[in-house]
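Raw contents of model.cif, mmCIF, C-alpha atoms:
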```cif
data_final
loop_
_atom_site.label_atom_id
_atom_site.label_comp_id
_atom_site.auth_asym_id
_atom_site.auth_seq_id
_atom_site.Cartn_x
_atom_site.Cartn_y
_atom_site.Cartn_z
CA MET F 1 68.08 -21.60 110.84
CA LYS F 2 71.71 -21.93 109.76
CA ILE F 3 74.23 -21.65 112.61
CA ARG F 4 77.94 -21.28 111.83
CA THR F 5 81.08 -20.85 113.90
CA GLY F 6 84.28 -19.07 113.01
CA PHE F 7 87.74 -18.76 114.51
CA GLY F 8 90.39 -16.07 114.19
CA TYR F 9 94.04 -15.81 115.22
CA ASP F 10 96.51 -12.96 114.70
CA VAL F 11 99.82 -11.66 116.01
CA HIS F 12 101.58 -8.33 115.70
CA GLN F 13 105.06 -7.27 116.66
CA LEU F 14 105.28 -4.56 119.33
CA GLN F 15 107.49 -1.57 118.64
CA GLU F 16 108.43 1.34 120.88
CA GLY F 17 106.86 4.69 120.08
CA LEU F 18 103.85 3.45 118.08
CA PRO F 19 100.27 4.05 119.20
CA PHE F 20 98.70 0.89 120.64
CA TRP F 21 95.25 0.26 119.20
CA LEU F 22 93.33 -2.59 120.77
CA GLY F 23 89.63 -3.30 120.46
CA GLY F 24 89.01 -0.02 118.69
CA ILE F 25 90.55 2.19 121.37
CA GLN F 26 94.02 3.59 121.89
CA VAL F 27 95.53 2.01 125.00
CA PRO F 28 98.27 4.01 126.74
CA HIS F 29 101.57 2.14 126.45
CA THR F 30 105.21 2.70 125.49
CA HIS F 31 104.90 0.22 122.62
CA GLY F 32 102.34 -0.23 119.87
CA ALA F 33 101.60 -2.94 117.35
CA LEU F 34 103.34 -2.82 113.99
CA GLY F 35 101.26 -3.47 110.88
CA HIS F 36 100.01 -2.18 107.54
CA SER F 37 96.80 -0.86 109.10
CA ASP F 38 96.55 0.44 112.66
CA ALA F 39 97.46 -3.16 113.69
CA ASP F 40 94.49 -3.62 116.03
CA VAL F 41 94.99 -7.34 116.69
CA LEU F 42 91.63 -7.78 118.45
CA ILE F 43 89.60 -6.31 115.61
CA HIS F 44 91.63 -8.34 113.11
CA VAL F 45 90.82 -11.66 114.81
CA ILE F 46 87.15 -10.74 115.08
CA CYS F 47 87.09 -9.89 111.36
CA ASP F 48 88.80 -13.18 110.49
CA ALA F 49 86.44 -15.20 112.68
CA LEU F 50 83.35 -13.54 111.17
CA LEU F 51 84.60 -13.89 107.61
CA GLY F 52 85.53 -17.53 108.21
CA ALA F 53 82.14 -18.34 109.73
CA ALA F 54 80.42 -16.95 106.63
CA ASN F 55 82.90 -18.71 104.31
CA LEU F 56 84.12 -15.36 103.00
CA ARG F 57 87.87 -16.12 103.19
CA ASP F 58 89.96 -13.89 105.48
CA ILE F 59 90.91 -10.32 106.29
CA GLY F 60 93.98 -10.44 104.01
CA PHE F 61 91.81 -11.39 101.04
CA HIS F 62 89.42 -8.47 101.52
CA PHE F 63 91.95 -5.89 102.77
CA PRO F 64 95.39 -6.89 101.42
CA ASP F 65 98.48 -5.31 102.93
CA THR F 66 99.73 -4.75 99.40
CA ASP F 67 96.94 -2.22 98.77
CA PRO F 68 97.99 1.33 99.71
CA GLN F 69 94.38 2.33 100.51
CA TYR F 70 94.63 0.26 103.70
CA LYS F 71 97.93 1.77 104.89
CA GLY F 72 97.32 3.06 108.42
CA ILE F 73 93.55 2.50 108.16
CA ASP F 74 91.45 2.45 111.31
CA SER F 75 90.53 -1.22 111.76
CA LYS F 76 87.04 -0.19 112.86
CA ARG F 77 86.44 0.67 109.20
CA LEU F 78 87.48 -2.86 108.22
CA LEU F 79 85.13 -4.32 110.83
CA ALA F 80 82.26 -2.17 109.56
CA GLU F 81 82.87 -3.51 106.05
CA VAL F 82 82.93 -7.10 107.33
CA MET F 83 79.59 -6.45 109.04
CA ARG F 84 78.19 -5.12 105.75
CA LEU F 85 79.31 -8.32 103.98
CA LEU F 86 77.69 -10.50 106.65
CA ARG F 87 74.40 -8.61 106.67
CA GLU F 88 74.33 -8.65 102.87
CA ARG F 89 74.27 -12.46 103.14
CA GLY F 90 71.62 -12.47 105.85
CA TYR F 91 73.87 -13.32 108.81
CA SER F 92 73.69 -11.84 112.28
CA ILE F 93 76.03 -12.30 115.22
CA SER F 94 74.95 -14.43 118.15
CA ASN F 95 78.13 -13.91 120.18
CA ILE F 96 81.88 -13.30 120.07
CA ASP F 97 84.41 -14.74 122.50
CA SER F 98 87.96 -13.41 122.35
CA THR F 99 91.26 -13.62 124.22
CA ILE F 100 94.17 -11.20 124.05
CA CYS F 101 97.63 -12.53 124.97
CA LEU F 102 99.82 -9.72 126.25
CA GLU F 103 102.27 -9.22 129.12
CA ALA F 104 101.79 -5.45 129.36
CA PRO F 105 99.90 -3.20 129.60
CA LYS F 106 97.06 -4.57 131.69
CA VAL F 107 93.99 -4.94 129.46
CA ASN F 108 91.32 -5.45 132.11
CA PRO F 109 90.77 -1.71 132.84
CA HIS F 110 89.95 -1.15 129.14
CA ILE F 111 87.63 -4.08 128.40
CA ALA F 112 84.31 -2.31 129.02
CA GLU F 113 85.29 0.55 126.68
CA MET F 114 86.45 -1.92 124.00
CA GLN F 115 83.13 -3.76 124.26
CA ARG F 116 81.22 -0.47 123.93
CA VAL F 117 83.19 0.66 120.87
CA LEU F 118 83.04 -2.73 119.13
CA ALA F 119 79.33 -3.07 119.84
CA GLU F 120 78.71 0.35 118.30
CA VAL F 121 80.67 -0.52 115.15
CA MET F 122 78.97 -3.91 114.76
CA GLY F 123 75.49 -2.80 115.78
CA ILE F 124 75.15 -5.52 118.42
CA PRO F 125 74.78 -5.46 122.22
CA ALA F 126 78.04 -5.13 124.15
CA ASP F 127 76.86 -8.11 126.19
CA ASP F 128 77.37 -10.29 123.09
CA ILE F 129 81.11 -9.51 123.02
CA SER F 130 83.38 -11.32 125.47
CA ILE F 131 86.93 -9.99 125.78
CA LYS F 132 89.42 -11.75 128.02
CA ALA F 133 93.12 -11.17 128.56
CA THR F 134 95.97 -13.38 129.66
CA THR F 135 99.75 -13.42 129.78
CA THR F 136 101.96 -16.26 128.62
CA GLU F 137 103.80 -16.38 131.95
CA LYS F 138 106.86 -14.76 130.35
CA LEU F 139 107.14 -17.56 127.74
CA GLY F 140 107.61 -17.02 124.00
CA PHE F 141 107.45 -13.78 122.01
CA VAL F 142 104.48 -12.55 124.04
CA GLY F 143 106.27 -13.30 127.29
CA ARG F 144 109.34 -11.42 126.11
CA ARG F 145 107.05 -8.46 125.28
CA GLU F 146 108.00 -8.64 121.59
CA GLY F 147 104.43 -9.02 120.37
CA VAL F 148 100.74 -9.38 121.03
CA ALA F 149 98.49 -12.26 119.99
CA ALA F 150 94.72 -12.66 119.99
CA TYR F 151 92.12 -15.35 119.34
CA ALA F 152 88.41 -15.08 118.66
CA SER F 153 85.55 -17.46 118.09
CA VAL F 154 82.17 -16.36 116.84
CA LEU F 155 78.70 -17.77 116.34
CA ILE F 156 76.65 -16.35 113.48
CA VAL F 157 73.10 -17.23 112.45
CA GLN F 158 71.11 -16.99 109.26
CA PRO F 159 67.34 -17.52 109.24
CA SER F 160 66.15 -20.30 106.92
#
```
What do you get writing this file as C-alpha cells?
Amino acid sequence: MKIRTGFGYDVHQLQEGLPFWLGGIQVPHTHGALGHSDADVLIHVICDALLGAANLRDIGFHFPDTDPQYKGIDSKRLLAEVMRLLRERGYSISNIDSTICLEAPKVNPHIAEMQRVLAEVMGIPADDISIKATTTEKLGFVGRREGVAAYASVLIVQPS
C-alpha cells in the first residue's frame, strides 16, 4: 500500500460586505473573504493538500484565477473535481487535519456543519475530517482582522 501525505496553506483578505464562505457553508459575519472564487480558504487548503499528496500540483494549476469559468465558483465544486482526480488515480483519503486562523467570527459553533458538508462532497466519513480554529492573539494580518489563513495536512492511501 502506498501512503502519502500532503500539506496546504492559504490566506484571503477579508472585506466588509462580502459573504463569508468557510468549509462549504456561509458563516454569518460582517466581512467575507476576497478571491476569484468564493474564497473558501478551508476548502482551498484541503484541495492543495490533497493535490500535493497525489503529486498533482496545486489548486492554481487546476483552477487558475485567470480563467473566467472559475469566477465566483462554489469551492465545493473544485473539491469535488479534486476528489475525482484522486479517485481516478486510485487514492482514497485516510484523514484530514486542518486549522483555521481567524480572530472573528467564532468558528467552533460551525465546525460540525462544515464537517458534514465536506464529508458529503468528498464521500468520506465526517469523523475523518478534523477542523480546528485559533486566533493569532491579535498579532499580524489575522490579528488585525484583515484576513483569514488556514492550514491542512492529509493522509491518502493507494492499494498496491
Problem - Explicit residue set for the PyMOL selection byres ((chain F and resi 30) around 8), as a ChimeraX atom specification - result: /F:16-18,28-29,31-32
Exercise for the section: Evaluate the PyMOL selection byres ((chain F and resi 58-70) around 7) here and jot the selected residues down as a PyMOL selection string. Expected result: chain F and resi 36-37+47-48+51-52+56-57+71-73
Handout entry: Residues matched by the PyMOL selection byres ((chain F and resi 150-153) around 9), written as a list in words
Key =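 Selected by the PyMOL selection byres ((chain F and resi 150-153) around 9) here: Thr5, Gly6, Phe7, Gly8, Tyr9, Asp10, Val11, Val41, Leu42, His44, Val45, Ile46, Asp48, Ala49, Leu50, Asn95, Ile96, Asp97, Ser98, Thr99, Ile100, Cys101, Leu102, Ile131, Ala133, Val148, Ala149, Val154 and Leu155 of chain F.
Across the structure, atom CA of Tyr91 of chain F and atom CA of Ile3 of chain F are spaced 9.2 Å apart.
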Exercise for the section: Identify which of the residues F:Glu88, F:Asp38, F:Ile129, F:Glu103 lies closest to Gln115 of chain F, counting all atoms listed in the file when measuring atom-to-atom distances. Expected result: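 Under the stated criterion, the closest residue is F:Ile129.
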Completion exercise
As a check of understanding: the span from atom CA of Thr135 of chain F to atom CA of Trp21 of chain F is 17.9 Å
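Note that the spacing between atom CA of Phe141 of chain F and atom CA of Lys76 of chain F amounts to 26.2 Å.
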Exercise for the section: Rank F:Asn108, F:Gly23, F:Met122, F:Arg89 by their smallest atom-to-atom distance to Asp74 of chain F, using all atoms listed in the file, and report the top residue only. Expected result: F:Gly23
Problem - Given all atoms listed in the file as the counted atoms, nearest of F:Ile124, F:Ala39, F:Leu22, F:Val107 to Met83 of chain F - result: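 The shortest atom-to-atom distance to Met83 of chain F comes from F:Ile124.
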